[in-house]
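The next block holds one structure in the form of structure tokens; read it before the comments.
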Amino acid sequence: MACVVLSLCAPIVALADQPTALPPEPAPEETLDKKIAIWRFDALGIDPEIVQRLETLFRMELGRLDRQPIPTPRAIERATSDKERECTGEEKCLATIGKRLGVDLVVTGTVGSLGDNYVLTIKAVDVATAKSQKIQSEPLRGSPDDMIDSVRVAAYTLLAPAQLHGAVQIQTDLVGAEVSLDGKELGKTPLANQGVIGKLALGRHKLRVAARNYEPIEQDVDVHFQKVSPVVVHLLPSEVLPTGPVVRRDAPPFYERTWFVVAVGVAVVAIGAWAGYCSGYIGHVTSADGRTVSSCHL
């Protein structure tokens with residue numbers, strides 16, 4: 001089965017490119033033993049041509065999973081009656097069709113629009129018991145072509161859930177960085193197998209890359225089905241701060257500060273000068289009643 005690859009290396013954390021598909025890996029031990037027939041996909045408020053494309057893709061995915069050849073639409077038409085071909089997805093009629101085709105499972109589906117969204121529903125009917133198993137995608141926005149991945153994942157979810165896994169490829173430009181994924185230690189870079197960690201569940205995982213004297217990187221990474229999701233990471237050197245006891249210095253009171261001491265000295269000198277001046281100069285002034293008084297004039 002194909003893997004999802006995640007690359008780490010270069011400046012800061014960033015998504016490098018959009019995920020791209022990988023060629024499938026052979027996994028004969030995981031192929032299905034049951035015989036499968038695909039009835040049809042019905043269009044509900046959506047272009048039938050688009051639904052036909054999705055059905056064709058679904059057939060291709062099941063063809064990779066099943067060891068037995070899947071009956072073609074023409075073979076199904078030849079093996080069924082006019083009344084049976086009117087089956088709209090009920091378990092009983094699909095089980096009858098499955099018995100005519102000599103298969104173990106009959107798979108059918110619908111693709112409908114819900115406003116601006118599309119919803120994919122797939123059902124697999126067990127021919128022996130006429131019981132069904134159904135899955136439904138989350139509402140999907142955008143172009144109907146965006147449903148292609150959902151169709152592929154749905155095929156594996158319904159019939160081969162053990163194969164719903166991907167991989168990450170972890171690389172960095174620093175030797176000896178410690179790598180962990182979802183809290184599990186993977187070792188130091190460069191990792192074995194070119195950094196490829198396989199058979200991871202689809203969805204989001206938490207990656208951590210750390211090294212001494214470097215700022216650690218913690219990044220959420222998304223593992224996609226049969227996709228390559230490259231992510232670029234570069235560890236930056238951390239700043240080393242000085243250590244030692246902290247000494248607290250309180251500010252001195254205002255009367256100990258230089259400006260205050262200088263100001264007081266200047267004032268004292270000025271007062272002394274004025275006193276000396278007055279002591280050496282005494283003037284005489286005659287008051288209004290004819291008396292004489294002394295005074296000091298600055």
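Chain labels A, B, ... are given in the sequence in which chains occur in the structure tokens; within each chain residues are numbered consecutively from 1, and ligands are likewise numbered from 1 in the order shown.
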
Using only C-alpha atoms, determine which residues lie at most 10 Å from range 86-93 of chain A, disregarding the query and same-chain residues fewer than 4 positions distant; provide the list as a VMD selection string.
chain A and resid 39 to 42 80 to 82 97 to 99 106 to 110 123 to 127 129 to 132

Any chance you could tabulate, as a tab-separated table, the residues of range 66-150 of chain A at most 12 Å from range 218-239 of chain A with each one's nearest atom pair and distance in Å to one decimal, using only C-alpha atoms, in chain and rising number order?
```
residue	atom	partner	partner_atom	distance
A:Ile148	CA	A:Phe225	CA	11.6
A:Asp149	CA	A:Phe225	CA	8.0
A:Ser150	CA	A:Phe225	CA	9.7
```

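Minimum atom-to-atom distances from A:Gly176, A:Gly198, A:Gly183, A:Pro216 to Leu164 in chain A were compared using only C-alpha atoms, and the lowest value belongs to A:Gly198.
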
7 Å contact set for Ala155 in chain A, only C-alpha atoms, chain neighbours under 5 positions out, as number ranges by chain:
A: 58, 61-62

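For the atom pair formed by CA of Gln194 in chain A and CA of Ile170 in chain A, the distance is 7.9 Å, given to one decimal.
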
- [ ] For CA of Val175 in chain A and CA of Lys188 in chain A, quote the distance in Å rounded to one decimal.
- [x]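 So the two atoms, CA of Val175 in chain A and CA of Lys188 in chain A, lie 7.6 Å apart.
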
- If we count only C-alpha atoms, what is near Gly195 in chain A at a cut-off of 8 Å, once residues fewer than 3 positions away on the same chain are taken out, given as a list in words? Val168, Gln169, Ile170, Gln171, Thr189, Pro190, Leu191 and Ala192 of chain A

What would the file look like if the residues just selected were written as a CSV table (one decimal), in the first residue's frame with C-alpha atoms?
```
chain,number,residue,atom,x,y,z
A,168,VAL,CA,5.7,10.0,7.5
A,169,GLN,CA,9.3,10.6,6.4
A,170,ILE,CA,11.2,12.6,9.0
A,171,GLN,CA,14.3,14.4,8.0
A,189,THR,CA,18.3,11.8,13.2
A,190,PRO,CA,19.1,10.5,10.7
A,191,LEU,CA,16.5,7.8,11.3
A,192,ALA,CA,16.6,4.4,9.8
```

- Query: Leaving out Asn117 in chain A and any residue of its chain fewer than 4 positions from it, which residues lie within 8 Å of it when counting only C-alpha atoms, given as a list in words?
  - Reply: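 Residues near the query, excluding close chain neighbours: Ser113, Pro139, Leu140, Arg141 and Gly142 of chain A.
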